[in-house]
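Data block for model03.tsv (TSV, C-alpha atoms (C1' of nucleotides)):
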```tsv
chain	number	residue	atom	x	y	z
E	34	MET	CA	76.10	122.91	191.37
E	35	ALA	CA	77.93	120.68	188.92
E	36	ALA	CA	76.31	118.78	186.08
E	37	ARG	CA	75.10	115.38	187.21
E	38	PRO	CA	76.12	112.08	185.61
E	39	ALA	CA	73.53	111.06	183.02
E	40	LYS	CA	71.54	107.89	183.48
E	41	LYS	CA	72.20	105.36	180.80
E	42	SER	CA	68.73	105.49	179.30
E	43	ILE	CA	68.76	109.18	178.58
E	44	ARG	CA	72.39	109.58	177.65
E	45	ASN	CA	71.54	110.21	174.04
E	46	GLU	CA	69.20	113.04	174.80
E	47	ILE	CA	71.60	114.60	177.27
E	48	ALA	CA	74.28	114.41	174.60
E	49	ILE	CA	72.03	116.12	172.07
E	50	LEU	CA	71.28	118.87	174.55
E	51	ARG	CA	74.95	119.38	175.43
E	52	GLU	CA	75.96	119.54	171.82
E	53	HIS	CA	73.33	122.14	171.15
E	54	LEU	CA	74.50	124.15	174.14
E	55	ALA	CA	78.12	123.97	173.02
E	56	GLN	CA	77.26	125.04	169.50
E	57	HIS	CA	75.40	128.09	170.76
E	58	GLU	CA	77.81	129.09	173.53
E	59	LEU	CA	75.25	128.26	176.16
E	60	ARG	CA	76.08	126.65	179.46
E	61	VAL	CA	75.42	123.22	180.90
E	62	THR	CA	73.41	123.58	184.08
E	63	SER	CA	71.86	121.10	186.45
E	64	GLN	CA	68.45	122.70	186.00
E	65	ARG	CA	68.51	122.10	182.28
E	66	GLU	CA	69.38	118.47	182.70
E	67	ILE	CA	66.90	117.89	185.49
E	68	ILE	CA	64.13	119.39	183.38
E	69	LEU	CA	65.14	117.30	180.38
E	70	GLU	CA	65.17	114.18	182.53
E	71	THR	CA	61.70	114.92	183.89
E	72	PHE	CA	60.41	115.81	180.46
E	73	LEU	CA	61.56	112.47	179.03
E	74	LYS	CA	59.85	110.58	181.81
E	75	MET	CA	56.53	112.24	181.10
E	76	GLU	CA	56.21	112.23	177.28
E	77	HIS	CA	53.40	114.78	176.92
E	78	VAL	CA	53.55	117.71	179.31
E	79	THR	CA	52.74	121.29	180.02
E	80	ALA	CA	55.21	123.60	181.73
E	81	GLU	CA	52.95	123.62	184.77
E	82	GLN	CA	53.00	119.85	185.04
E	83	ILE	CA	56.79	119.75	185.06
E	84	TYR	CA	56.84	122.59	187.55
E	85	HIS	CA	54.48	120.69	189.81
E	86	GLU	CA	56.52	117.52	189.45
E	87	LEU	CA	59.64	119.39	190.49
E	88	THR	CA	58.24	121.36	193.42
E	89	LYS	CA	59.12	118.42	195.64
E	90	ARG	CA	62.81	118.56	195.01
E	91	THR	CA	65.41	120.93	196.33
E	92	PRO	CA	66.76	123.25	195.27
E	93	HIS	CA	63.60	124.72	193.87
E	94	ILE	CA	63.40	125.30	190.11
E	95	GLY	CA	61.41	128.32	189.00
E	96	LEU	CA	58.59	128.29	186.48
E	97	ALA	CA	60.41	130.74	184.22
E	98	THR	CA	63.32	128.32	183.97
E	99	ILE	CA	60.95	125.53	182.99
E	100	TYR	CA	59.56	127.62	180.16
E	101	ARG	CA	63.00	128.73	179.04
E	102	THR	CA	64.30	125.18	179.03
E	103	LEU	CA	61.31	123.69	177.25
E	104	ASN	CA	61.76	126.24	174.48
E	105	LEU	CA	65.40	125.27	174.39
E	106	LEU	CA	64.45	121.60	173.99
E	107	CYS	CA	62.31	122.54	171.03
E	108	GLU	CA	65.30	124.23	169.44
E	109	CYS	CA	67.35	121.05	169.85
E	110	GLY	CA	64.63	119.01	168.21
E	111	LEU	CA	64.02	117.02	171.39
E	112	ALA	CA	60.58	118.51	172.00
E	113	GLN	CA	57.72	119.74	169.89
E	114	GLN	CA	55.09	122.30	170.84
E	115	ARG	CA	51.40	121.67	170.53
E	116	HIS	CA	48.51	123.94	171.45
E	117	PHE	CA	45.63	122.25	173.21
E	118	GLY	CA	42.95	124.36	174.81
E	119	THR	CA	44.59	127.32	176.48
E	120	GLN	CA	47.88	125.63	177.21
E	121	THR	CA	50.96	124.70	175.26
E	122	HIS	CA	51.92	121.06	175.50
E	123	PHE	CA	55.41	119.76	174.86
E	124	ASP	CA	55.77	116.37	173.24
E	125	ASN	CA	58.80	114.14	173.35
E	126	VAL	CA	60.04	113.52	169.83
E	127	SER	CA	63.57	112.50	170.68
E	128	HIS	CA	63.26	108.75	170.35
E	129	LYS	CA	61.19	108.77	167.22
E	130	GLY	CA	60.92	110.83	164.11
E	131	HIS	CA	58.26	113.39	163.43
E	132	HIS	CA	54.83	112.06	164.21
E	133	ASP	CA	51.26	113.23	164.43
E	134	HIS	CA	48.48	112.95	166.98
E	135	MET	CA	44.98	111.75	167.53
E	136	ILE	CA	43.54	113.61	170.47
E	137	CYS	CA	40.49	112.48	172.39
E	138	THR	CA	38.46	115.59	173.08
E	139	GLN	CA	36.78	113.91	176.04
E	140	CYS	CA	39.58	112.41	178.11
E	141	GLY	CA	42.60	114.07	176.50
E	142	THR	CA	44.31	110.80	175.61
E	143	ILE	CA	46.88	111.16	172.89
E	144	ILE	CA	47.58	108.47	170.33
E	145	GLU	CA	50.67	108.94	168.23
E	146	PHE	CA	50.95	107.78	164.68
E	147	GLU	CA	53.08	108.12	161.62
E	148	ASN	CA	51.96	107.77	158.05
E	149	CYS	CA	54.27	108.13	155.10
E	150	ASP	CA	51.47	108.00	152.57
E	151	ILE	CA	49.86	111.06	154.06
E	152	GLU	CA	53.18	112.87	153.97
E	153	LYS	CA	53.66	111.98	150.34
E	154	LEU	CA	50.27	113.43	149.49
E	155	GLN	CA	51.16	116.57	151.38
E	156	GLU	CA	54.28	116.94	149.26
E	157	GLU	CA	52.21	116.48	146.16
E	158	VAL	CA	49.70	119.15	147.13
E	159	ALA	CA	52.55	121.48	148.01
E	160	ARG	CA	54.26	120.92	144.70
E	161	ARG	CA	51.08	121.80	142.91
E	162	HIS	CA	51.09	125.18	144.70
E	163	LYS	CA	54.85	125.68	144.39
E	164	PHE	CA	55.07	125.60	148.16
E	165	HIS	CA	58.12	124.24	150.00
E	166	ILE	CA	57.24	122.36	153.17
E	167	THR	CA	59.67	122.53	156.05
E	168	THR	CA	57.40	121.00	158.66
E	169	HIS	CA	53.78	120.19	159.28
E	170	LYS	CA	51.21	119.55	161.94
E	171	LEU	CA	48.37	117.07	161.68
E	172	GLU	CA	45.95	116.59	164.51
E	173	LEU	CA	42.89	114.38	164.45
E	174	TYR	CA	40.26	115.23	167.04
E	175	GLY	CA	37.54	112.90	168.17
E	176	GLN	CA	36.95	110.07	170.60
E	177	CYS	CA	39.20	107.24	171.63
E	178	SER	CA	37.76	103.74	171.74
E	179	THR	CA	37.06	103.98	175.48
E	180	CYS	CA	35.14	107.26	175.33
E	181	HIS	CA	33.27	106.39	172.17
E	182	GLY	CA	31.46	103.59	173.96
E	183	LYS	CA	30.23	105.82	176.77
E	184	ALA	CA	28.95	108.76	174.69
C	40	MET	CA	19.13	149.76	166.24
C	41	ALA	CA	17.25	147.54	163.81
C	42	ALA	CA	18.81	144.77	161.78
C	43	ARG	CA	20.12	146.13	158.50
C	44	PRO	CA	19.15	144.81	155.06
C	45	ALA	CA	21.68	142.19	153.97
C	46	LYS	CA	23.78	142.83	150.91
C	47	LYS	CA	23.13	140.37	148.16
C	48	SER	CA	26.59	138.77	148.26
C	49	ILE	CA	26.41	137.82	151.91
C	50	ARG	CA	22.75	136.96	152.16
C	51	ASN	CA	23.49	133.29	152.52
C	52	GLU	CA	25.80	133.77	155.44
C	53	ILE	CA	23.41	136.17	157.13
C	54	ALA	CA	20.68	133.59	156.68
C	55	ILE	CA	22.82	130.87	158.23
C	56	LEU	CA	23.56	133.10	161.19
C	57	ARG	CA	19.90	134.03	161.66
C	58	GLU	CA	18.81	130.45	161.52
C	59	HIS	CA	21.36	129.51	164.13
C	60	LEU	CA	20.20	132.36	166.33
C	61	ALA	CA	16.57	131.34	165.97
C	62	GLN	CA	17.30	127.73	166.80
C	63	HIS	CA	19.10	128.70	169.97
C	64	GLU	CA	16.74	131.43	171.12
C	65	LEU	CA	19.36	134.08	170.55
C	66	ARG	CA	18.65	137.51	169.15
C	67	VAL	CA	19.44	139.20	165.89
C	68	THR	CA	21.51	142.30	166.53
C	69	SER	CA	23.17	144.82	164.29
C	70	GLN	CA	26.55	144.17	165.93
C	71	ARG	CA	26.41	140.49	165.06
C	72	GLU	CA	25.64	141.22	161.45
C	73	ILE	CA	28.21	143.99	161.16
C	74	ILE	CA	30.87	141.69	162.57
C	75	LEU	CA	29.85	138.89	160.23
C	76	GLU	CA	29.96	141.27	157.28
C	77	THR	CA	33.43	142.49	158.21
C	78	PHE	CA	34.61	138.97	158.87
C	79	LEU	CA	33.52	137.83	155.40
C	80	LYS	CA	35.34	140.72	153.76
C	81	MET	CA	38.60	139.77	155.46
C	82	GLU	CA	38.80	135.96	155.16
C	83	HIS	CA	41.53	135.32	157.74
C	84	VAL	CA	41.37	137.50	160.82
C	85	THR	CA	42.12	137.91	164.48
C	86	ALA	CA	39.62	139.48	166.86
C	87	GLU	CA	41.95	142.45	167.20
C	88	GLN	CA	42.01	143.02	163.47
C	89	ILE	CA	38.25	143.15	163.28
C	90	TYR	CA	38.17	145.42	166.30
C	91	HIS	CA	40.65	147.74	164.65
C	92	GLU	CA	38.70	147.68	161.40
C	93	LEU	CA	35.54	148.66	163.26
C	94	THR	CA	36.95	151.39	165.51
C	95	LYS	CA	36.22	153.85	162.73
C	96	ARG	CA	32.50	153.32	162.70
C	97	THR	CA	29.89	154.50	165.11
C	98	PRO	CA	28.44	153.31	167.30
C	99	HIS	CA	31.51	151.71	168.77
C	100	ILE	CA	31.60	147.91	169.05
C	101	GLY	CA	33.49	146.50	172.02
C	102	LEU	CA	36.23	143.92	171.85
C	103	ALA	CA	34.30	141.52	174.06
C	104	THR	CA	31.46	141.54	171.56
C	105	ILE	CA	33.87	140.73	168.76
C	106	TYR	CA	35.13	137.71	170.67
C	107	ARG	CA	31.64	136.61	171.58
C	108	THR	CA	30.45	136.91	168.02
C	109	LEU	CA	33.44	135.17	166.46
C	110	ASN	CA	32.86	132.23	168.77
C	111	LEU	CA	29.25	132.30	167.70
C	112	LEU	CA	30.27	132.17	164.05
C	113	CYS	CA	32.33	129.08	164.81
C	114	GLU	CA	29.27	127.45	166.29
C	115	CYS	CA	27.30	128.15	163.10
C	116	GLY	CA	30.04	126.63	160.98
C	117	LEU	CA	30.76	129.94	159.28
C	118	ALA	CA	34.17	130.32	160.88
C	119	GLN	CA	36.96	128.06	162.00
C	120	GLN	CA	39.55	128.73	164.70
C	121	ARG	CA	43.25	128.40	164.11
C	122	HIS	CA	46.11	129.07	166.50
C	123	PHE	CA	49.06	130.86	164.99
C	124	GLY	CA	51.73	132.25	167.25
C	125	THR	CA	50.08	133.71	170.30
C	126	GLN	CA	46.81	134.65	168.66
C	127	THR	CA	43.72	132.85	167.52
C	128	HIS	CA	42.85	133.41	163.88
C	129	PHE	CA	39.39	132.94	162.47
C	130	ASP	CA	39.05	131.62	158.96
C	131	ASN	CA	36.09	131.98	156.69
C	132	VAL	CA	34.78	128.54	155.80
C	133	SER	CA	31.28	129.54	154.76
C	134	HIS	CA	31.70	129.37	151.01
C	135	LYS	CA	33.68	126.16	151.05
C	136	GLY	CA	33.81	123.03	153.10
C	137	HIS	CA	36.44	122.17	155.62
C	138	HIS	CA	39.86	122.92	154.27
C	139	ASP	CA	43.47	122.98	155.37
C	140	HIS	CA	46.29	125.47	155.16
C	141	MET	CA	49.78	125.99	153.91
C	142	ILE	CA	51.34	128.79	155.87
C	143	CYS	CA	54.41	130.69	154.75
C	144	THR	CA	56.55	131.19	157.83
C	145	GLN	CA	58.27	134.18	156.24
C	146	CYS	CA	55.50	136.38	154.91
C	147	GLY	CA	52.48	134.79	156.59
C	148	THR	CA	50.65	134.08	153.34
C	149	ILE	CA	48.01	131.40	153.66
C	150	ILE	CA	47.18	129.01	150.84
C	151	GLU	CA	44.06	126.98	151.28
C	152	PHE	CA	43.66	123.49	149.97
C	153	GLU	CA	41.46	120.48	150.20
C	154	ASN	CA	42.46	116.90	149.62
C	155	CYS	CA	40.09	113.99	149.90
C	156	ASP	CA	42.81	111.39	149.57
C	157	ILE	CA	44.55	112.69	152.67
C	158	GLU	CA	41.28	112.58	154.54
C	159	LYS	CA	40.66	109.01	153.47
C	160	LEU	CA	44.07	108.01	154.79
C	161	GLN	CA	43.30	109.76	158.05
C	162	GLU	CA	40.15	107.70	158.39
C	163	GLU	CA	42.12	104.58	157.72
C	164	VAL	CA	44.72	105.34	160.37
C	165	ALA	CA	41.95	106.19	162.82
C	166	ARG	CA	40.14	102.95	162.14
C	167	ARG	CA	43.31	101.03	162.84
C	168	HIS	CA	43.43	102.65	166.30
C	169	LYS	CA	39.68	102.39	166.90
C	170	PHE	CA	39.55	106.17	167.00
C	171	HIS	CA	36.52	108.15	165.82
C	172	ILE	CA	37.42	111.39	164.06
C	173	THR	CA	35.06	114.32	164.42
C	174	THR	CA	37.38	116.94	162.98
C	175	HIS	CA	41.01	117.54	162.12
C	176	LYS	CA	43.64	120.15	161.57
C	177	LEU	CA	46.38	119.96	159.00
C	178	GLU	CA	48.87	122.75	158.60
C	179	LEU	CA	51.87	122.73	156.32
C	180	TYR	CA	54.58	125.21	157.22
C	181	GLY	CA	57.27	126.39	154.87
C	182	GLN	CA	57.85	128.93	152.16
C	183	CYS	CA	55.56	130.15	149.43
C	184	SER	CA	56.92	130.41	145.90
C	185	THR	CA	57.74	134.10	146.30
C	186	CYS	CA	59.70	133.75	149.53
C	187	HIS	CA	61.49	130.59	148.46
C	188	GLY	CA	63.28	132.47	145.69
C	189	LYS	CA	64.62	135.15	148.02
C	190	ALA	CA	65.94	132.94	150.81
M	107	DT	C1'	93.14	126.02	191.24
M	108	DC	C1'	91.70	130.76	191.13
M	109	DT	C1'	89.55	134.58	188.75
M	110	DG	C1'	86.99	137.46	185.77
M	111	DA	C1'	83.55	137.69	182.20
M	112	DT	C1'	79.15	136.57	181.48
M	113	DA	C1'	75.31	133.17	180.97
M	114	DT	C1'	71.67	131.52	183.97
M	115	DT	C1'	68.63	131.34	187.66
M	116	DG	C1'	64.73	132.61	190.59
M	117	DA	C1'	61.33	135.77	192.11
M	118	DT	C1'	58.30	138.63	190.57
M	119	DA	C1'	56.52	142.21	187.55
M	120	DA	C1'	54.69	142.76	183.10
M	121	DT	C1'	52.28	141.52	179.04
M	122	DG	C1'	48.66	140.15	176.25
M	123	DA	C1'	44.87	137.37	174.69
M	124	DA	C1'	40.51	136.01	176.01
M	125	DT	C1'	36.78	135.80	179.33
M	126	DC	C1'	33.72	137.46	182.98
M	127	DT	C1'	30.90	140.94	185.47
M	128	DC	C1'	27.57	144.16	185.78
M	129	DT	C1'	24.87	148.03	184.38
M	130	DT	C1'	22.50	149.87	180.50
M	131	DT	C1'	20.31	149.16	176.15
M	132	DA	C1'	17.97	146.57	172.51
M	133	DT	C1'	15.08	142.83	170.90
M	134	DT	C1'	11.07	140.04	170.67
M	135	DA	C1'	6.80	137.70	171.94
M	136	DT	C1'	2.40	138.94	173.73
O	286	DA	C1'	3.07	149.38	173.83
O	287	DT	C1'	5.03	146.59	177.37
O	288	DA	C1'	7.32	143.19	180.01
O	289	DA	C1'	10.83	139.74	180.02
O	290	DT	C1'	15.26	138.99	179.07
O	291	DA	C1'	19.20	138.59	175.79
O	292	DA	C1'	23.06	141.31	174.41
O	293	DA	C1'	26.24	145.17	174.38
O	294	DG	C1'	29.79	148.03	176.31
O	295	DA	C1'	33.34	149.16	179.51
O	296	DG	C1'	36.47	147.67	182.17
O	297	DA	C1'	38.08	144.35	185.63
O	298	DT	C1'	39.87	139.77	185.79
O	299	DT	C1'	42.15	135.61	184.70
O	300	DC	C1'	45.69	132.84	183.21
O	301	DA	C1'	49.59	131.43	180.35
O	302	DT	C1'	53.81	133.06	178.99
O	303	DT	C1'	57.62	136.38	178.74
O	304	DA	C1'	60.65	140.12	180.45
O	305	DT	C1'	63.36	142.22	184.10
O	306	DC	C1'	67.06	142.28	187.23
O	307	DA	C1'	69.87	141.25	191.23
O	308	DA	C1'	72.26	137.22	192.86
O	309	DT	C1'	74.55	133.02	191.55
O	310	DA	C1'	76.84	129.48	188.74
O	311	DT	C1'	79.64	128.18	184.78
O	312	DC	C1'	83.77	128.05	182.19
O	313	DA	C1'	87.86	129.64	179.65
O	314	DG	C1'	92.23	131.25	180.53
O	315	DA	C1'	95.89	132.69	183.71
```

Show the structure stored in the file as structure tokens.
Amino acid sequence: MAARPAKKSIRNEIAILREHLAQHELRVTSQREIILETFLKMEHVTAEQIYHELTKRTPHIGLATIYRTLNLLCECGLAQQRHFGTQTHFDNVSHKGHHDHMICTQCGTIIEFENCDIEKLQEEVARRHKFHITTHKLELYGQCSTCHGKA
Amino acid sequence: MAARPAKKSIRNEIAILREHLAQHELRVTSQREIILETFLKMEHVTAEQIYHELTKRTPHIGLATIYRTLNLLCECGLAQQRHFGTQTHFDNVSHKGHHDHMICTQCGTIIEFENCDIEKLQEEVARRHKFHITTHKLELYGQCSTCHGKA
DNA sequence: TCTGATATTGATAATGAATCTCTTTATTAT
DNA sequence: ATAATAAAGAGATTCATTATCAATATCAGA
């Protein structure tokens, strides 16, 4: 099956993926682009959720391929892994820079945020310990406004 | 087997565990105290590591018990879970308050730190989103001073 | 456009961490 | 001491993720 024409809205991401593939002597496949397309539509997903979303379509895409492709998207910088409970979630970070999360432990809602001041303080702490940061993960757990009222 | 006399240095932690057990109508057992003792000696551990450490001694302590007890220690506030790679690590937080980590992605060294200013900023961001923080996780990944020289 | 080399897929087996089950043993209140 | 029952141990089980491998698709070069 040949690679499909990219929709306008996700052309950038498709381009990023293709460039990564070219640079690593990997091949452009319809599965990879279908998974990327689905991933971008969903923002925060597990491999299972994408698999479930794609069971409807033919030809069938296997779970192993979903996992392989999601890991690939992480390598391109399009996705970012996050552990929540027993599952690994993949977050879309293509259209924005690095960002962090507030996670409601009751309903699972995820609020994204970005804070330069916090990052500056991180750098400062690191400097004090002669540590060189390449990346970081900040997750705030608690209750979103909706759930806080109920409990 | 009867509960063993607590060594001076870990009396506090043993006391915390016993109080938690009493409050929840759970029982004091030698396994729980042996696991706690081993845990405190090792600072950052996986269940497997404790299991391996304890294979030497008799009577044998099962892996399931290690898992059960480590979860118990988290409930007492003596330990804190952290996901790293595929395994769950348990960190000793008994002698200090909540703290965060810098993790060297090359050698695995963990540097602990605490920063109130960062936490204040977190609260501020949360307030802006009407989010109520109960806990958080901050991990900085990169290279420690030793590894940074080499690479 | 065809072809060969080989990357990728899909189905499923395998792995591995963590939990559950169930029988035996240990603890604790009376 | 004894009864009630929590906990331990051993191993089965679960579930997410990865590895295997035969069949298929991609792509560079003829």

Show which residues sit within 12 Å of DT287 of chain O, as a ChimeraX atom specification. Count only C-alpha atoms (C1' of nucleotides), and ignore same-chain residues fewer than 6 positions away.
/M:134-136

Select residues of chain M: the criterion is any atom within 8 Å of an atom of chain E, counting all atoms listed in the file; output as number ranges by chain.
M: 113-116

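Reported to one decimal place, the separation of atom CA of Lys129 of chain E from atom CA of Gly181 of chain C is 21.9 Å.
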
Could you work out how far atom CA of Gly141 of chain E lies from atom CA of Gln155 of chain E, giving the answer in Å with one decimal?
26.7 Å

Write out as a PDB file with C-alpha atoms, in the coordinates of the input every residue belonging to chain C that has an atom at most 9 Å from any atom of chain E, counting all atoms listed in the file.
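Final output, saved to selection.pdb:
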```pdb
ATOM      1  CA  HIS C 122      46.110 129.070 166.500  1.00  0.00           C
ATOM      2  CA  MET C 141      49.780 125.990 153.910  1.00  0.00           C
ATOM      3  CA  CYS C 143      54.410 130.690 154.750  1.00  0.00           C
ATOM      4  CA  ILE C 150      47.180 129.010 150.840  1.00  0.00           C
ATOM      5  CA  PHE C 152      43.660 123.490 149.970  1.00  0.00           C
ATOM      6  CA  GLU C 153      41.460 120.480 150.200  1.00  0.00           C
ATOM      7  CA  ASN C 154      42.460 116.900 149.620  1.00  0.00           C
ATOM      8  CA  ASP C 156      42.810 111.390 149.570  1.00  0.00           C
ATOM      9  CA  ILE C 157      44.550 112.690 152.670  1.00  0.00           C
ATOM     10  CA  GLU C 158      41.280 112.580 154.540  1.00  0.00           C
ATOM     11  CA  LEU C 160      44.070 108.010 154.790  1.00  0.00           C
ATOM     12  CA  GLN C 161      43.300 109.760 158.050  1.00  0.00           C
ATOM     13  CA  VAL C 164      44.720 105.340 160.370  1.00  0.00           C
ATOM     14  CA  ALA C 165      41.950 106.190 162.820  1.00  0.00           C
ATOM     15  CA  HIS C 168      43.430 102.650 166.300  1.00  0.00           C
ATOM     16  CA  LYS C 169      39.680 102.390 166.900  1.00  0.00           C
ATOM     17  CA  PHE C 170      39.550 106.170 167.000  1.00  0.00           C
ATOM     18  CA  HIS C 171      36.520 108.150 165.820  1.00  0.00           C
ATOM     19  CA  ILE C 172      37.420 111.390 164.060  1.00  0.00           C
ATOM     20  CA  THR C 173      35.060 114.320 164.420  1.00  0.00           C
ATOM     21  CA  THR C 174      37.380 116.940 162.980  1.00  0.00           C
ATOM     22  CA  HIS C 175      41.010 117.540 162.120  1.00  0.00           C
ATOM     23  CA  LYS C 176      43.640 120.150 161.570  1.00  0.00           C
ATOM     24  CA  LEU C 177      46.380 119.960 159.000  1.00  0.00           C
ATOM     25  CA  GLU C 178      48.870 122.750 158.600  1.00  0.00           C
ATOM     26  CA  LEU C 179      51.870 122.730 156.320  1.00  0.00           C
ATOM     27  CA  TYR C 180      54.580 125.210 157.220  1.00  0.00           C
ATOM     28  CA  GLY C 181      57.270 126.390 154.870  1.00  0.00           C
ATOM     29  CA  GLN C 182      57.850 128.930 152.160  1.00  0.00           C
ATOM     30  CA  CYS C 183      55.560 130.150 149.430  1.00  0.00           C
ATOM     31  CA  SER C 184      56.920 130.410 145.900  1.00  0.00           C
ATOM     32  CA  HIS C 187      61.490 130.590 148.460  1.00  0.00           C
TER      33      HIS C 187
END
```

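Interatomic distance, atom CA of Ile49 of chain E to atom CA of His134 of chain E: 24.3 Å.
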
Residue neighbourhood segment 125-129 of chain M, 9 Å, all atoms listed in the file, exclusion window fewer than 2 positions, as a list in words
Ala103 of chain C; DA297, DT298 and DT299 of chain O

Ala54 of chain C surroundings by all atoms listed in the file, 12 Å radius, close-in-sequence under 2 positions cut, as a PyMOL selection string:
chain C and resi 44-52+56-61+67+72+75+115+117+133

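If all atoms listed in the file are the atoms counted, then among E:Asn104, E:Gln113, E:Pro92, E:Gln120 the closest residue to chain O is E:Gln120.
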
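Residues surrounding DT305 of chain O within 9 Å are M:DT118, M:DA119, M:DA120 [all atoms listed in the file; sequence separation below 3 positions excluded].
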
Output of the above residues as a PDB file, in the coordinates of the input, restricted to C-alpha atoms (C1' of nucleotides):
```pdb
ATOM      1  C1'  DT M 118      58.300 138.630 190.570  1.00  0.00           C
ATOM      2  C1'  DA M 119      56.520 142.210 187.550  1.00  0.00           C
ATOM      3  C1'  DA M 120      54.690 142.760 183.100  1.00  0.00           C
TER       4       DA M 120
END
```

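Nearest residue to chain O, choosing from E:Ile67, E:Glu108, E:Glu81, E:Gln139 and counting all atoms listed in the file: E:Glu81.
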
Applying 8 Å and only C-alpha atoms (C1' of nucleotides), which residues near segment 77-80 of chain C remain after dropping the ones on its own chain fewer than 3 positions away? List them as a VMD selection string.
chain C and resid 49 73 to 74 83 to 84 89 131

For chain O against chain C, with a cut-off of 7 Å and counting all atoms listed in the file, what is the closest atom pair and its distance in Å to one decimal for every residue that makes the cut, ordered by chain and number, as a tab-separated table?
```
residue	atom	partner	partner_atom	distance
O:DA291	C1'	C:Arg66	CA	6.7
O:DA293	C1'	C:Thr104	CA	7.0
O:DG294	C1'	C:Gly101	CA	5.9
```

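Distances to DA292 of chain O were evaluated for C:Arg107, C:His138, C:His91, C:His128 using all atoms listed in the file, and the minimum falls at C:Arg107.
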
Filled-in N, CA and C atoms of segment 172-183 of chain C, supplied as a PDB file, in the frame of the given file:
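This is the output file rebuild05.pdb:
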```
ATOM      1  N   ILE C 172      37.084 110.000 164.381  1.00  0.00           N
ATOM      2  CA  ILE C 172      37.420 111.390 164.060  1.00  0.00           C
ATOM      3  C   ILE C 172      36.164 112.243 163.969  1.00  0.00           C
ATOM      4  N   THR C 173      36.163 113.377 164.633  1.00  0.00           N
ATOM      5  CA  THR C 173      35.060 114.320 164.420  1.00  0.00           C
ATOM      6  C   THR C 173      35.559 115.509 163.608  1.00  0.00           C
ATOM      7  N   THR C 174      36.821 115.862 163.782  1.00  0.00           N
ATOM      8  CA  THR C 174      37.380 116.940 162.980  1.00  0.00           C
ATOM      9  C   THR C 174      38.900 116.801 162.971  1.00  0.00           C
ATOM     10  N   HIS C 175      39.547 117.624 162.160  1.00  0.00           N
ATOM     11  CA  HIS C 175      41.010 117.540 162.120  1.00  0.00           C
ATOM     12  C   HIS C 175      41.618 118.873 161.752  1.00  0.00           C
ATOM     13  N   LYS C 176      42.906 118.941 161.943  1.00  0.00           N
ATOM     14  CA  LYS C 176      43.640 120.150 161.570  1.00  0.00           C
ATOM     15  C   LYS C 176      44.935 119.743 160.907  1.00  0.00           C
ATOM     16  N   LEU C 177      45.137 120.242 159.711  1.00  0.00           N
ATOM     17  CA  LEU C 177      46.380 119.960 159.000  1.00  0.00           C
ATOM     18  C   LEU C 177      46.986 121.270 158.549  1.00  0.00           C
ATOM     19  N   GLU C 178      48.181 121.531 159.005  1.00  0.00           N
ATOM     20  CA  GLU C 178      48.870 122.750 158.600  1.00  0.00           C
ATOM     21  C   GLU C 178      50.256 122.429 158.088  1.00  0.00           C
ATOM     22  N   LEU C 179      50.538 122.925 156.896  1.00  0.00           N
ATOM     23  CA  LEU C 179      51.870 122.730 156.320  1.00  0.00           C
ATOM     24  C   LEU C 179      52.626 124.048 156.440  1.00  0.00           C
ATOM     25  N   TYR C 180      53.785 123.999 157.054  1.00  0.00           N
ATOM     26  CA  TYR C 180      54.580 125.210 157.220  1.00  0.00           C
ATOM     27  C   TYR C 180      55.775 125.176 156.283  1.00  0.00           C
ATOM     28  N   GLY C 181      56.121 126.330 155.765  1.00  0.00           N
ATOM     29  CA  GLY C 181      57.270 126.390 154.870  1.00  0.00           C
ATOM     30  C   GLY C 181      57.319 127.716 154.166  1.00  0.00           C
ATOM     31  N   GLN C 182      57.722 127.685 152.900  1.00  0.00           N
ATOM     32  CA  GLN C 182      57.850 128.930 152.160  1.00  0.00           C
ATOM     33  C   GLN C 182      57.003 128.914 150.894  1.00  0.00           C
ATOM     34  N   CYS C 183      56.329 130.016 150.664  1.00  0.00           N
ATOM     35  CA  CYS C 183      55.560 130.150 149.430  1.00  0.00           C
ATOM     36  C   CYS C 183      56.535 130.384 148.288  1.00  0.00           C
TER      37      CYS C 183
END
```
